[in-house]
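Written out below as structure tokens is the structure these notes cover.
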Amino acid sequence: MNINVGKKIKELRAAKNITQAEMAQRIGMTSSTISSYEVGERQPSYDVLIKIARLFNVTTDTLLGHTNKDMMNMSGLLPQQRQSIQKMVETYQKFNELCIAMFDMKKSMDEDDYNTFLEHLDAALVDDIKMEISRAKAKKNNF
């Protein structure tokens, strides 16, 4: 196991503003055990890693330092709703990629033209999201 697991646990716990005792209670352990993980004296078992990952809504890979992706709890959602959310996420990701590219474009554009371009792009993004929401509602009403 990665020796930075304890550091990551401490970071996540601090970000959620919970104490070691609160964390321990939520996952059925003692605060001294949590402390020993955080200082690197002990490593959590796989079962405990899963409990910690669920508590902080991250993957076990995140705890082990393999990824920096966030995890979203979509339990209780219908498959169509999950697909709609995934499409919205992809739309925002594309938007962010465009923003990075536009930063370079801004250097060669007039300020007014650039602002007009951004307004049109933002409106298109909002329209895409509204369309996805409408599709999700229509699918839900068909049940």
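Labeling convention for the structure tokens: chains A, B, ... as they appear, residues from 1 per chain, ligands from 1 in order of appearance.
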
_Close residues, segment 48-64 of chain A itself excluded, 12 Å, only C-alpha atoms, min 5 positions apart in chain, as a PyMOL selection string_ = chain A and resi 1-18+22-29+33-34+37-38+42-43+69-75

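Distance check against Ser31 of chain A using only C-alpha atoms: of A:Asp104, A:Gln86, A:Asn115, A:Thr19, the minimum falls on A:Thr19.
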
*Shortest interatomic distance to Met131 of chain A - which of A:Lys87, A:Asp47, A:Arg82, A:Cys99, counting only C-alpha atoms*: A:Lys87

_I need the residues of segment 51-105 of chain A that end up classed as helix (DSSP H, G or I) by DSSP on the backbone, written out as a VMD selection string._
chain A and resid 51 to 56 60 to 63 79 to 105

Output file for the residues above (C-alpha atoms, as a compact mmCIF listing (two decimals), in the first residue's frame):
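Produced file part_24.txt, reproduced below:
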```
# COMPACT_ATOMS: atom_id res chain seq x y z
CA LYS A 51 -15.34 2.36 4.30
CA ILE A 52 -13.12 5.44 4.25
CA ALA A 53 -13.63 5.91 0.50
CA ARG A 54 -17.40 5.75 0.94
CA LEU A 55 -17.29 8.18 3.86
CA PHE A 56 -15.47 10.79 1.78
CA THR A 60 -10.03 3.73 -3.17
CA ASP A 61 -7.66 4.69 -5.99
CA THR A 62 -7.83 8.27 -4.72
CA LEU A 63 -6.90 7.11 -1.22
CA PRO A 79 -30.16 4.85 -15.67
CA GLN A 80 -31.54 7.61 -17.90
CA GLN A 81 -30.88 10.20 -15.20
CA ARG A 82 -27.32 8.93 -14.82
CA GLN A 83 -26.81 9.22 -18.58
CA SER A 84 -28.15 12.78 -18.55
CA ILE A 85 -25.78 13.76 -15.76
CA GLN A 86 -22.88 12.14 -17.61
CA LYS A 87 -23.76 14.11 -20.74
CA MET A 88 -23.88 17.35 -18.73
CA VAL A 89 -20.47 16.59 -17.21
CA GLU A 90 -19.06 15.93 -20.67
CA THR A 91 -20.56 19.20 -21.91
CA TYR A 92 -18.90 21.14 -19.09
CA GLN A 93 -15.60 19.37 -19.76
CA LYS A 94 -15.79 20.40 -23.42
CA PHE A 95 -16.68 23.92 -22.36
CA ASN A 96 -13.61 24.07 -20.10
CA GLU A 97 -11.39 22.81 -22.91
CA LEU A 98 -12.80 25.54 -25.15
CA CYS A 99 -12.13 28.15 -22.49
CA ILE A 100 -8.48 27.18 -22.43
CA ALA A 101 -8.30 27.43 -26.21
CA MET A 102 -10.14 30.76 -26.12
CA PHE A 103 -7.59 32.21 -23.77
CA ASP A 104 -5.12 31.98 -26.62
CA MET A 105 -7.71 33.36 -29.06
```
